[in-house]
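Participant: Please find run.cif (mmCIF, C-alpha atoms) on the next line:
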data_data
loop_
_atom_site.label_atom_id
_atom_site.label_comp_id
_atom_site.auth_asym_id
_atom_site.auth_seq_id
_atom_site.Cartn_x
_atom_site.Cartn_y
_atom_site.Cartn_z
CA MET A 225 -10.70 -25.15 -35.35
CA THR A 226 -13.47 -26.47 -33.07
CA HIS A 227 -11.07 -29.05 -31.65
CA ILE A 228 -8.49 -26.36 -30.91
CA LEU A 229 -11.07 -24.20 -29.10
CA GLN A 230 -12.23 -27.20 -27.07
CA SER A 231 -8.62 -27.96 -26.09
CA ILE A 232 -8.10 -24.34 -25.02
CA GLY A 233 -11.35 -24.42 -23.03
CA THR A 234 -10.32 -27.66 -21.30
CA ALA A 235 -6.88 -26.23 -20.44
CA LEU A 236 -8.41 -23.05 -19.02
CA GLY A 237 -10.97 -25.09 -17.07
CA TRP A 238 -8.29 -27.21 -15.43
CA LEU A 239 -6.18 -24.11 -14.79
CA ALA A 240 -9.11 -22.50 -12.97
CA ILE A 241 -9.61 -25.67 -10.89
CA VAL A 242 -5.92 -25.83 -9.93
CA LEU A 243 -5.81 -22.12 -9.05
CA ALA A 244 -8.95 -22.42 -6.92
CA VAL A 245 -7.63 -25.45 -5.01
CA PHE A 246 -4.27 -23.83 -4.35
CA GLY A 247 -6.02 -20.59 -3.46
CA ILE A 248 -8.23 -22.28 -0.85
CA VAL A 249 -5.22 -23.92 0.81
CA TYR A 250 -3.24 -20.67 0.64
CA SER A 251 -6.07 -18.62 2.19
CA VAL A 252 -6.31 -20.83 5.26
CA ALA A 253 -2.53 -21.02 5.67
CA ALA A 254 -2.14 -17.25 5.20
CA ALA A 255 -4.79 -16.54 7.84
CA ILE A 256 -2.86 -18.63 10.37
CA VAL A 257 0.46 -17.02 9.44
CA PHE A 258 -1.08 -13.56 9.71
CA ARG A 259 -2.39 -14.21 13.22
CA ARG A 260 1.02 -15.50 14.32
CA PHE A 261 2.86 -12.58 12.70
CA PHE A 262 1.04 -9.97 14.77
CA ALA A 263 1.04 -12.15 17.88
CA GLY A 264 4.77 -11.38 18.00
CA ALA A 265 4.19 -7.68 18.69
CA ARG A 266 5.86 -6.39 21.85
CA PRO A 267 5.50 -3.01 23.62
CA ALA A 268 8.31 -0.49 23.08
CA PRO A 269 9.23 2.28 25.55
CA ALA A 270 9.15 5.94 24.49
CA ARG A 271 12.31 7.19 22.76
CA THR A 272 14.24 10.45 22.80
CA GLU A 273 15.65 10.66 19.26
CA ALA A 274 14.89 13.76 17.17
CA VAL A 275 12.51 12.78 14.36
CA THR A 276 11.12 14.55 11.31
CA LEU A 277 7.80 13.29 9.94
CA LEU A 278 7.22 14.03 6.24
CA LYS A 279 3.63 14.25 5.01
CA PRO A 280 3.09 15.04 1.30
CA LEU A 281 -0.52 16.26 0.95
CA TYR A 282 -2.96 16.69 -1.91
CA GLY A 283 -6.50 17.84 -1.19
CA ALA A 284 -8.61 17.53 1.94
CA GLU A 285 -9.27 13.82 2.25
CA PRO A 286 -11.96 12.59 4.65
CA ARG A 287 -10.61 12.56 8.22
CA LEU A 288 -7.29 14.09 7.14
CA PHE A 289 -7.15 16.13 10.36
CA ASP A 290 -7.66 13.00 12.48
CA ASN A 291 -5.08 11.02 10.52
CA LEU A 292 -2.41 13.72 10.89
CA ALA A 293 -3.24 14.19 14.56
CA THR A 294 -2.27 10.58 15.32
CA PHE A 295 1.32 11.49 14.46
CA LEU A 296 1.29 14.33 17.00
CA THR A 297 -0.04 12.24 19.88
CA GLN A 298 2.87 9.82 20.02
CA ASP A 299 4.44 8.37 23.15
CA HIS A 300 7.67 10.10 22.22
CA ALA A 301 9.99 11.99 24.57
CA GLY A 302 12.30 13.58 21.98
CA PRO A 303 11.97 16.45 19.48
CA LEU A 304 9.31 15.77 16.86
CA GLN A 305 8.89 17.85 13.70
CA LEU A 306 5.93 17.42 11.33
CA VAL A 307 6.55 18.78 7.83
CA CYS A 308 3.48 18.93 5.58
CA GLY A 309 3.80 19.87 1.92
CA VAL A 310 1.50 20.93 -0.90
CA GLN A 311 2.21 22.16 -4.41
CA ARG A 312 -0.68 24.59 -4.85
CA ALA A 313 -1.46 27.73 -2.87
CA ASP A 314 -5.19 26.89 -3.09
CA ASP A 315 -4.89 23.28 -1.93
CA PRO A 316 -7.69 22.53 0.59
CA ALA A 317 -5.20 20.59 2.72
CA ILE A 318 -3.67 23.92 3.80
CA ALA A 319 -6.74 24.73 5.90
CA VAL A 320 -6.46 21.32 7.59
CA VAL A 321 -2.82 21.95 8.49
CA GLU A 322 -3.68 25.40 9.87
CA ALA A 323 -6.43 23.83 11.99
CA LEU A 324 -3.87 21.29 13.22
CA LYS A 325 -1.55 24.11 14.28
CA THR A 326 -4.38 25.72 16.22
CA ALA A 327 -5.35 22.45 17.92
CA TYR A 328 -1.73 21.61 18.80
CA PRO A 329 -0.09 25.01 19.50
CA HIS A 330 3.02 23.50 21.08
CA ALA A 331 3.70 21.06 18.25
CA ASP A 332 6.48 21.72 15.75
CA ILE A 333 4.44 21.82 12.52
CA GLU A 334 5.80 23.29 9.31
CA LEU A 335 3.87 23.78 6.08
CA VAL A 336 5.77 23.95 2.78
CA ILE A 337 3.92 25.39 -0.23
CA ASP A 338 6.13 24.99 -3.29
CA PRO A 339 5.01 24.30 -6.90
CA THR A 340 8.53 23.42 -8.13
CA ILE A 341 8.54 20.29 -10.31
CA HIS A 342 11.57 17.99 -10.21
CA GLY A 343 10.32 15.09 -12.32
CA ALA A 344 7.27 13.18 -13.50
CA SER A 345 6.19 12.16 -9.99
CA GLY A 346 4.21 14.91 -8.28
CA LYS A 347 4.57 13.17 -4.92
CA LEU A 348 8.36 13.08 -5.18
CA SER A 349 8.53 16.70 -6.31
CA ASN A 350 6.52 17.57 -3.21
CA LEU A 351 8.85 15.51 -1.01
CA ILE A 352 11.98 17.09 -2.47
CA ASN A 353 10.57 20.54 -1.73
CA MET A 354 9.54 19.51 1.79
CA ASP A 355 12.80 17.79 2.65
CA ARG A 356 14.63 21.13 2.64
CA ALA A 357 12.72 22.01 5.82
CA ALA A 358 13.58 18.75 7.61
CA ARG A 359 15.92 19.27 10.57
CA HIS A 360 16.33 15.97 12.38
CA PRO A 361 18.57 12.88 11.92
CA PHE A 362 15.67 10.41 11.74
CA VAL A 363 13.17 10.73 8.88
CA VAL A 364 9.78 9.03 8.70
CA LEU A 365 7.84 9.31 5.46
CA SER A 366 4.20 8.19 5.26
CA ASP A 367 1.27 8.83 2.97
CA SER A 368 -1.37 11.37 3.92
CA ASP A 369 -4.04 8.69 4.35
CA ILE A 370 -2.25 6.82 7.14
CA ALA A 371 -3.25 6.79 10.82
CA VAL A 372 -1.09 5.24 13.54
CA ALA A 373 -1.12 4.08 17.18
CA PRO A 374 0.61 6.05 19.98
CA ASP A 375 3.60 3.64 20.12
CA TYR A 376 4.25 3.88 16.36
CA LEU A 377 7.47 5.93 16.58
CA ALA A 378 8.80 3.90 19.49
CA GLN A 379 8.36 0.70 17.47
CA LEU A 380 10.07 2.16 14.40
CA LEU A 381 13.05 3.50 16.33
CA ALA A 382 13.44 0.23 18.25
CA THR A 383 13.58 -1.63 14.93
CA LEU A 384 16.17 0.80 13.57
CA ASP A 385 18.43 -0.03 16.55
CA ASP A 386 19.54 -3.10 14.61
CA PRO A 387 22.68 -2.04 12.67
CA ALA A 388 21.67 -4.39 9.83
CA VAL A 389 18.39 -2.48 9.32
CA GLY A 390 18.51 0.48 6.96
CA ALA A 391 14.79 1.24 6.77
CA VAL A 392 11.51 0.20 8.35
CA THR A 393 8.17 -0.18 6.61
CA CYS A 394 4.74 -1.18 7.95
CA ILE A 395 1.87 -3.41 6.89
CA TYR A 396 -1.47 -1.60 6.76
CA SER A 397 -5.13 -2.44 7.08
CA GLY A 398 -7.94 -0.56 5.34
CA ARG A 399 -10.61 1.76 6.71
CA GLY A 400 -13.50 2.96 4.56
CA ASP A 401 -14.10 6.69 5.11
CA ALA A 402 -16.35 7.61 2.18
CA GLY A 403 -19.19 5.12 1.99
CA PHE A 404 -19.71 1.86 0.14
CA TRP A 405 -16.92 1.99 -2.44
CA SER A 406 -14.31 3.03 0.11
CA ARG A 407 -15.39 0.14 2.37
CA LEU A 408 -15.05 -2.21 -0.59
CA VAL A 409 -11.49 -0.99 -1.16
CA ALA A 410 -10.79 -1.36 2.57
CA ALA A 411 -11.95 -4.98 2.36
CA GLY A 412 -9.48 -5.64 -0.44
CA VAL A 413 -6.63 -3.89 1.34
CA THR A 414 -7.24 -5.79 4.57
CA TYR A 415 -8.32 -9.27 3.53
CA GLN A 416 -6.25 -9.66 0.38
CA PHE A 417 -3.29 -7.26 0.10
CA MET A 418 -2.36 -7.10 3.79
CA LEU A 419 -2.74 -10.86 4.15
CA GLY A 420 -0.43 -11.47 1.19
CA VAL A 421 2.26 -9.10 2.46
CA ALA A 422 2.30 -10.70 5.92
CA PHE A 423 2.50 -14.17 4.35
CA GLY A 424 5.29 -13.13 1.99
CA VAL A 425 7.34 -11.44 4.71
CA SER A 426 6.90 -14.33 7.16
CA ASN A 427 8.09 -16.85 4.58
CA ARG A 428 10.80 -14.63 3.10
CA LEU A 429 8.99 -14.56 -0.22
CA ALA A 430 8.63 -10.77 -0.29
CA ALA A 431 10.78 -7.78 0.63
CA PRO A 432 8.38 -4.84 0.57
CA CYS A 433 8.95 -1.16 1.15
CA MET A 434 5.62 0.67 1.24
CA GLY A 435 4.38 4.24 1.32
CA SER A 436 2.47 3.49 4.52
CA THR A 437 5.78 4.04 6.32
CA ILE A 438 9.41 4.43 5.34
CA ALA A 439 11.56 5.23 8.38
CA LEU A 440 15.31 5.66 8.04
CA LYS A 441 18.27 7.68 9.21
CA ARG A 442 19.17 10.88 7.36
CA ASP A 443 22.59 9.56 6.40
CA THR A 444 20.99 6.45 4.87
CA LEU A 445 18.66 8.64 2.80
CA ASP A 446 21.63 10.70 1.64
CA LYS A 447 23.63 7.59 0.71
CA ILE A 448 20.89 6.33 -1.60
CA GLY A 449 20.74 9.68 -3.40
CA GLY A 450 17.97 11.43 -1.51
CA PHE A 451 14.46 11.82 -2.87
CA GLN A 452 15.85 13.42 -6.05
CA ARG A 453 16.97 10.00 -7.27
CA PHE A 454 13.36 8.80 -7.49
CA ALA A 455 11.72 11.84 -9.10
CA ASP A 456 10.81 9.89 -12.27
CA VAL A 457 9.91 6.56 -10.66
CA LEU A 458 6.29 5.44 -10.25
CA ALA A 459 6.98 2.84 -7.53
CA ASP A 460 9.11 5.26 -5.52
CA ASP A 461 8.59 3.41 -2.21
CA TYR A 462 9.77 0.13 -3.71
CA ALA A 463 12.73 1.90 -5.35
CA ILE A 464 13.76 3.48 -2.03
CA GLY A 465 13.76 0.00 -0.50
CA GLU A 466 15.93 -1.29 -3.34
CA GLY A 467 18.33 1.59 -2.76
CA VAL A 468 18.60 0.71 0.93
CA ARG A 469 19.18 -2.96 0.15
CA ALA A 470 21.90 -1.98 -2.34
CA LEU A 471 23.82 -0.59 0.66
CA GLY A 472 23.79 -4.07 2.20
CA LEU A 473 21.05 -3.17 4.69
CA ARG A 474 17.64 -4.71 5.35
CA VAL A 475 14.20 -3.16 5.05
CA ALA A 476 12.53 -4.47 8.20
CA VAL A 477 8.80 -5.15 8.56
CA PRO A 478 8.00 -5.35 12.28
CA PRO A 479 4.61 -6.55 13.58
CA VAL A 480 3.31 -2.98 13.61
CA LEU A 481 -0.04 -2.34 11.95
CA VAL A 482 -1.03 1.09 10.63
CA THR A 483 -4.33 2.16 9.08
CA HIS A 484 -4.83 3.18 5.45
CA ALA A 485 -7.86 5.47 5.08
CA CYS A 486 -9.72 4.65 1.84
CA ASP A 487 -11.72 7.49 0.27
CA GLU A 488 -13.00 6.13 -3.05
CA THR A 489 -16.56 7.25 -3.77
CA SER A 490 -17.23 5.44 -7.06
CA LEU A 491 -16.46 2.30 -9.04
CA SER A 492 -14.37 4.33 -11.48
CA GLN A 493 -12.17 5.65 -8.66
CA LEU A 494 -11.75 2.13 -7.31
CA TRP A 495 -10.87 0.83 -10.75
CA ARG A 496 -8.28 3.55 -11.51
CA HIS A 497 -6.65 3.26 -8.11
CA GLU A 498 -6.35 -0.51 -8.08
CA LEU A 499 -5.34 -0.68 -11.74
CA ARG A 500 -2.49 1.77 -11.03
CA TRP A 501 -1.42 -0.33 -8.07
CA GLY A 502 -1.59 -3.56 -10.07
CA ALA A 503 0.36 -2.19 -13.04
CA THR A 504 2.98 -0.77 -10.69
CA VAL A 505 3.55 -4.08 -8.90
CA ARG A 506 3.54 -5.88 -12.25
CA ASP A 507 6.47 -3.77 -13.42
CA VAL A 508 8.60 -4.05 -10.27
CA ALA A 509 7.95 -7.74 -9.46
CA PHE A 510 6.43 -9.45 -12.49
CA TRP A 511 6.49 -13.14 -11.48
CA PRO A 512 5.39 -12.57 -7.86
CA TYR A 513 2.56 -10.46 -9.29
CA VAL A 514 1.56 -13.29 -11.60
CA GLY A 515 1.37 -15.53 -8.54
CA ILE A 516 -0.97 -13.33 -6.49
CA VAL A 517 -3.92 -14.82 -8.38
CA ILE A 518 -3.89 -17.67 -5.85
CA GLY A 519 -5.16 -15.11 -3.35
CA LEU A 520 -8.42 -14.98 -5.32
CA PRO A 521 -9.86 -18.51 -5.00
CA PHE A 522 -13.52 -17.48 -5.10
CA PRO A 523 -13.56 -15.97 -8.64
CA THR A 524 -11.31 -18.74 -9.99
CA ALA A 525 -13.67 -21.33 -8.51
CA LEU A 526 -16.60 -19.63 -10.24
CA LEU A 527 -14.65 -19.81 -13.51
CA ALA A 528 -14.00 -23.49 -12.84
CA ALA A 529 -17.77 -23.96 -12.53
CA LEU A 530 -18.12 -22.98 -16.19
CA TYR A 531 -16.05 -26.05 -17.07
CA ALA A 532 -17.16 -28.47 -14.33
CA PRO A 533 -20.38 -27.02 -12.84
CA GLN A 534 -20.90 -29.28 -9.80
CA PHE A 535 -17.25 -29.51 -8.78
CA GLY A 536 -16.72 -25.80 -9.48
CA LEU A 537 -19.63 -24.80 -7.24
CA LEU A 538 -18.27 -27.02 -4.47
CA LEU A 539 -14.93 -25.27 -4.88
CA ALA A 540 -16.69 -21.90 -4.73
CA LEU A 541 -18.34 -22.91 -1.44
CA ALA A 542 -14.99 -24.08 -0.06
CA ALA A 543 -13.39 -20.82 -1.22
CA ALA A 544 -16.09 -18.77 0.53
CA ILE A 545 -15.47 -20.73 3.75
CA ALA A 546 -11.71 -20.19 3.39
CA ARG A 547 -12.28 -16.45 2.95
CA LEU A 548 -14.47 -16.51 6.07
CA VAL A 549 -11.51 -17.99 7.97
CA VAL A 550 -9.40 -15.13 6.64
CA VAL A 551 -11.94 -12.47 7.63
CA ARG A 552 -12.36 -13.85 11.15
CA ASN A 553 -8.60 -14.17 11.79
CA VAL A 554 -7.71 -10.79 10.34
CA ASP A 555 -10.50 -9.00 12.20
CA ALA A 556 -9.29 -10.58 15.43
CA ALA A 557 -5.74 -9.31 14.82
CA VAL A 558 -6.89 -5.84 13.74
CA GLY A 559 -9.27 -5.52 16.66
CA GLY A 560 -12.53 -4.96 14.81
CA ARG A 561 -14.54 -5.82 11.70
CA ILE A 562 -13.37 -4.05 8.56
CA ALA A 563 -16.12 -5.36 6.25
CA PRO A 564 -18.59 -8.29 6.03
CA LEU A 565 -17.71 -11.50 4.20
CA TRP A 566 -19.95 -10.72 1.22
CA MET A 567 -18.04 -7.49 0.64
CA ALA A 568 -14.72 -9.33 0.73
CA LEU A 569 -16.04 -11.79 -1.88
CA LEU A 570 -17.38 -8.98 -4.06
CA HIS A 571 -14.02 -7.26 -3.96
CA ASP A 572 -12.33 -10.54 -4.89
CA GLY A 573 -14.36 -10.55 -8.11
CA LEU A 574 -13.45 -6.96 -8.93
CA ALA A 575 -9.82 -7.62 -8.02
CA PHE A 576 -9.70 -10.51 -10.49
CA ALA A 577 -10.95 -8.22 -13.28
CA VAL A 578 -8.34 -5.60 -12.33
CA TYR A 579 -5.68 -8.31 -12.26
CA ILE A 580 -6.42 -9.39 -15.84
CA ALA A 581 -6.65 -5.78 -17.08
CA SER A 582 -3.37 -4.77 -15.41
CA PHE A 583 -1.32 -6.88 -17.83
CA PHE A 584 -2.44 -4.66 -20.72
CA VAL A 585 -1.87 -1.24 -19.11
CA ARG A 586 1.00 1.07 -20.10
CA SER A 587 -0.28 4.30 -18.55
CA VAL A 588 -1.88 5.09 -15.20
CA ASP A 589 -3.86 7.88 -13.60
CA TRP A 590 -2.23 9.60 -10.62
CA ARG A 591 -4.39 12.30 -9.03
CA GLY A 592 -5.64 13.62 -12.34
CA ALA A 593 -2.34 13.26 -14.24
CA THR A 594 -1.75 10.56 -16.85
CA LEU A 595 1.66 8.93 -16.47
CA LYS A 596 3.23 6.79 -19.18
CA MET A 597 5.08 3.73 -17.87
CA LYS A 598 8.49 2.97 -19.34
CA THR A 599 10.15 -0.45 -19.46
CA ASP A 600 12.82 0.54 -16.91
CA GLY A 601 10.24 1.30 -14.21
CA ARG A 602 10.40 5.03 -14.82
CA ILE A 603 7.52 7.31 -15.77
CA VAL A 604 6.95 10.39 -17.88
CA SER A 605 4.00 12.74 -17.90
CA ALA A 606 1.76 12.12 -20.91
CA SER A 607 1.62 15.88 -21.57
CA THR A 608 5.42 16.11 -21.48
CA GLU A 609 5.76 13.19 -23.88
CA GLN A 610 3.29 14.79 -26.28
CA GLN A 611 5.21 18.07 -26.20
CA ALA A 612 8.41 16.21 -26.98
#
Please lay out the structure from this file as structure tokens.
Facilitator:
Amino acid sequence: MTHILQSIGTALGWLAIVLAVFGIVYSVAAAIVFRRFFAGARPAPARTEAVTLLKPLYGAEPRLFDNLATFLTQDHAGPLQLVCGVQRADDPAIAVVEALKTAYPHADIELVIDPTIHGASGKLSNLINMDRAARHPFVVLSDSDIAVAPDYLAQLLATLDDPAVGAVTCIYSGRGDAGFWSRLVAAGVTYQFMLGVAFGVSNRLAAPCMGSTIALKRDTLDKIGGFQRFADVLADDYAIGEGVRALGLRVAVPPVLVTHACDETSLSQLWRHELRWGATVRDVAFWPYVGIVIGLPFPTALLAALYAPQFGLLLALAAAIARLVVVRNVDAAVGGRIAPLWMALLHDGLAFAVYIASFFVRSVDWRGATLKMKTDGRIVSASTEQQA
């Protein structure tokens, strides 16, 4: 038995060493690829198409007013409709939307308050209710915690000019709006997740479709079954992308960077949020998710140090330097510092713990509701399952 345990320990030690080495090389390469990806950004002139922006809301997040306002200050010459939706008449987000209407009296802003449930996903139920108010032939869906630059719509519409493109999605960086824990999440979003998406897209290893932005034509949305088709899907953004690709069209990822506002105020919120994200990606892209561990060379190097202390600590130092290269390159592309290096390394450690835990999760928390994950990628409410 002792021999078996020693063999397992040796295997795990060498695995940690290999992962750390590959992770160090990957980090440096990904930083270079990221810089080049956004170096390809080009200005786009204002457009005249009629566009509906869909914003499903839940609660008054920090800086919600400012985030929504960025969608009303676009360099756009055509009709622009902003449809916000909530499912409760007492939702604090309503006051934010009313303030937005006051601040922008000439803007076409519509608020939909509708508690109708269409499936297990509260977000999709909200979207289905909101979509009835949408009037224009171009639809842009984005999460409530997204902020954008003034040329955002122009860039999306220019990308949709390509007849082979059925939808457009955007890579996003993080911004901590609620203190330490939110800044820690922003570090992970920016220096790990965003880096990996840019690397995957640049090397045709990933085909994402993300809630940060999904822009498409109305007839494309109708052809994939509308939002109703995804009412019981946890990874609805990914599923929408799959629906578009099933039509023989691409989901394009232009070099357009948007901002994801992080509002976590505690370790438990961070853990629940990132565990839900990890379990979701695990179910829709299992083997690519297994491979994202190479984006965490610092914690794997520390694990290697348990097996080979001197070599492992050297690897940990090399990993920290590699992550510094990432931080410097990403900050340069984003145009400012998101978080210090030590915070990026701390998040790497937490992210590794979340990564391991995510393989054992079959239910997730979504804004207070517990959702049970099914093997086909669909979800059911835990309360509904218990009633059944």
Participant: Would you list the contacts of A:Pro374 as a ChimeraX atom specification, taking every protein, DNA or RNA residue within 7 Å and counting only C-alpha atoms, but skipping same-chain residues closer than 4 positions in sequence?
Facilitator: /A:297-299
Participant: Can you work out the spacing between atom CA of A:Phe423 and atom CA of A:Leu236 in Å, to one decimal?
Facilitator: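 Between atom CA of A:Phe423 and atom CA of A:Leu236 the gap works out to 27.3 Å.
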Participant: Identify all residues satisfying the PyMOL selection byres ((chain A and resi 542) around 12) in the given file; provide them as a list in words.
Facilitator: Ala244, Val245, Phe246, Gly247, Ile248, Val249, Ser251, Val252, Pro521, Phe522, Pro523, Thr524, Ala525, Leu526, Phe535, Gly536, Leu537, Leu538, Leu539, Ala540, Leu541, Ala543, Ala544, Ile545, Ala546, Arg547, Leu548 and Val549 of chain A
Participant: Starting from the PyMOL selection byres ((chain A and resi 486-493) around 7), expand the selection into actual residues of this file and give them as a PyMOL selection string.
Facilitator: chain A and resi 286+398-403+405-406+409-410+484-485+494-497
Participant: I want to know what sits within 12 Å of A:Thr326, based on all atoms listed in the file, with residues of the same chain fewer than 6 positions away left out; could you give that as an MDAnalysis selection string?
Facilitator: chainID A and resid 289 293 319:320 332:333
Participant: Given the choices A:Val558, A:Ala503, A:Val477, A:Ala382, which gets closest to A:Ser587 if the distance is worked out from only C-alpha atoms?
Facilitator: A:Ala503
Participant: Could you give me, as number ranges by chain, the residues within 7 Å of A:Ser368, counting all atoms listed in the file and dropping anything in the same chain fewer than 3 positions from it?
Facilitator: A: 279-281
Participant: Using the incomplete input, complete stretch 231-239 of chain A to the level of all heavy atoms; output as a PDB file, in the coordinates of the input.
Facilitator:
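Result written to result33.pdb:
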ATOM      1  N   SER A 231      -9.856 -27.686 -26.842  1.00  0.00           N
ATOM      2  CA  SER A 231      -8.620 -27.960 -26.090  1.00  0.00           C
ATOM      3  C   SER A 231      -8.247 -26.766 -25.223  1.00  0.00           C
ATOM      4  O   SER A 231      -7.828 -26.928 -24.072  1.00  0.00           O
ATOM      5  CB  SER A 231      -7.485 -28.286 -27.063  1.00  0.00           C
ATOM      6  OG  SER A 231      -7.768 -29.453 -27.800  1.00  0.00           O
ATOM      7  N   ILE A 232      -8.407 -25.552 -25.785  1.00  0.00           N
ATOM      8  CA  ILE A 232      -8.100 -24.340 -25.020  1.00  0.00           C
ATOM      9  C   ILE A 232      -9.059 -24.216 -23.837  1.00  0.00           C
ATOM     10  O   ILE A 232      -8.659 -23.910 -22.715  1.00  0.00           O
ATOM     11  CB  ILE A 232      -8.186 -23.094 -25.917  1.00  0.00           C
ATOM     12  CG1 ILE A 232      -7.070 -23.121 -26.959  1.00  0.00           C
ATOM     13  CG2 ILE A 232      -8.110 -21.815 -25.077  1.00  0.00           C
ATOM     14  CD1 ILE A 232      -7.169 -22.003 -27.983  1.00  0.00           C
ATOM     15  N   GLY A 233     -10.358 -24.487 -24.095  1.00  0.00           N
ATOM     16  CA  GLY A 233     -11.350 -24.420 -23.030  1.00  0.00           C
ATOM     17  C   GLY A 233     -11.051 -25.410 -21.908  1.00  0.00           C
ATOM     18  O   GLY A 233     -11.184 -25.086 -20.720  1.00  0.00           O
ATOM     19  N   THR A 234     -10.655 -26.639 -22.303  1.00  0.00           N
ATOM     20  CA  THR A 234     -10.320 -27.660 -21.300  1.00  0.00           C
ATOM     21  C   THR A 234      -9.113 -27.227 -20.470  1.00  0.00           C
ATOM     22  O   THR A 234      -9.110 -27.360 -19.235  1.00  0.00           O
ATOM     23  CB  THR A 234     -10.014 -28.993 -21.988  1.00  0.00           C
ATOM     24  OG1 THR A 234     -11.176 -29.429 -22.707  1.00  0.00           O
ATOM     25  CG2 THR A 234      -9.618 -30.056 -20.967  1.00  0.00           C
ATOM     26  N   ALA A 235      -8.095 -26.678 -21.133  1.00  0.00           N
ATOM     27  CA  ALA A 235      -6.880 -26.230 -20.440  1.00  0.00           C
ATOM     28  C   ALA A 235      -7.209 -25.106 -19.452  1.00  0.00           C
ATOM     29  O   ALA A 235      -6.736 -25.110 -18.309  1.00  0.00           O
ATOM     30  CB  ALA A 235      -5.839 -25.767 -21.444  1.00  0.00           C
ATOM     31  N   LEU A 236      -8.034 -24.169 -19.902  1.00  0.00           N
ATOM     32  CA  LEU A 236      -8.410 -23.050 -19.020  1.00  0.00           C
ATOM     33  C   LEU A 236      -9.265 -23.540 -17.858  1.00  0.00           C
ATOM     34  O   LEU A 236      -9.147 -23.039 -16.729  1.00  0.00           O
ATOM     35  CB  LEU A 236      -9.154 -21.984 -19.825  1.00  0.00           C
ATOM     36  CG  LEU A 236      -8.323 -21.200 -20.858  1.00  0.00           C
ATOM     37  CD1 LEU A 236      -9.208 -20.241 -21.650  1.00  0.00           C
ATOM     38  CD2 LEU A 236      -7.199 -20.427 -20.165  1.00  0.00           C
ATOM     39  N   GLY A 237     -10.138 -24.533 -18.130  1.00  0.00           N
ATOM     40  CA  GLY A 237     -10.970 -25.090 -17.070  1.00  0.00           C
ATOM     41  C   GLY A 237     -10.127 -25.743 -15.985  1.00  0.00           C
ATOM     42  O   GLY A 237     -10.339 -25.516 -14.786  1.00  0.00           O
ATOM     43  N   TRP A 238      -9.163 -26.557 -16.401  1.00  0.00           N
ATOM     44  CA  TRP A 238      -8.290 -27.210 -15.430  1.00  0.00           C
ATOM     45  C   TRP A 238      -7.400 -26.195 -14.716  1.00  0.00           C
ATOM     46  O   TRP A 238      -7.108 -26.355 -13.514  1.00  0.00           O
ATOM     47  CB  TRP A 238      -7.446 -28.282 -16.115  1.00  0.00           C
ATOM     48  CG  TRP A 238      -8.189 -29.581 -16.241  1.00  0.00           C
ATOM     49  CD1 TRP A 238      -8.746 -30.118 -17.362  1.00  0.00           C
ATOM     50  CD2 TRP A 238      -8.461 -30.485 -15.175  1.00  0.00           C
ATOM     51  NE1 TRP A 238      -9.363 -31.296 -17.078  1.00  0.00           N
ATOM     52  CE2 TRP A 238      -9.206 -31.571 -15.740  1.00  0.00           C
ATOM     53  CE3 TRP A 238      -8.182 -30.507 -13.823  1.00  0.00           C
ATOM     54  CZ2 TRP A 238      -9.652 -32.629 -14.969  1.00  0.00           C
ATOM     55  CZ3 TRP A 238      -8.615 -31.571 -13.055  1.00  0.00           C
ATOM     56  CH2 TRP A 238      -9.343 -32.628 -13.620  1.00  0.00           C
ATOM     57  N   LEU A 239      -6.977 -25.156 -15.431  1.00  0.00           N
ATOM     58  CA  LEU A 239      -6.180 -24.110 -14.790  1.00  0.00           C
ATOM     59  C   LEU A 239      -6.984 -23.423 -13.687  1.00  0.00           C
ATOM     60  O   LEU A 239      -6.477 -23.186 -12.583  1.00  0.00           O
ATOM     61  CB  LEU A 239      -5.731 -23.081 -15.827  1.00  0.00           C
ATOM     62  CG  LEU A 239      -4.945 -21.867 -15.289  1.00  0.00           C
ATOM     63  CD1 LEU A 239      -3.651 -22.320 -14.616  1.00  0.00           C
ATOM     64  CD2 LEU A 239      -4.660 -20.862 -16.401  1.00  0.00           C
TER      65      LEU A 239
END
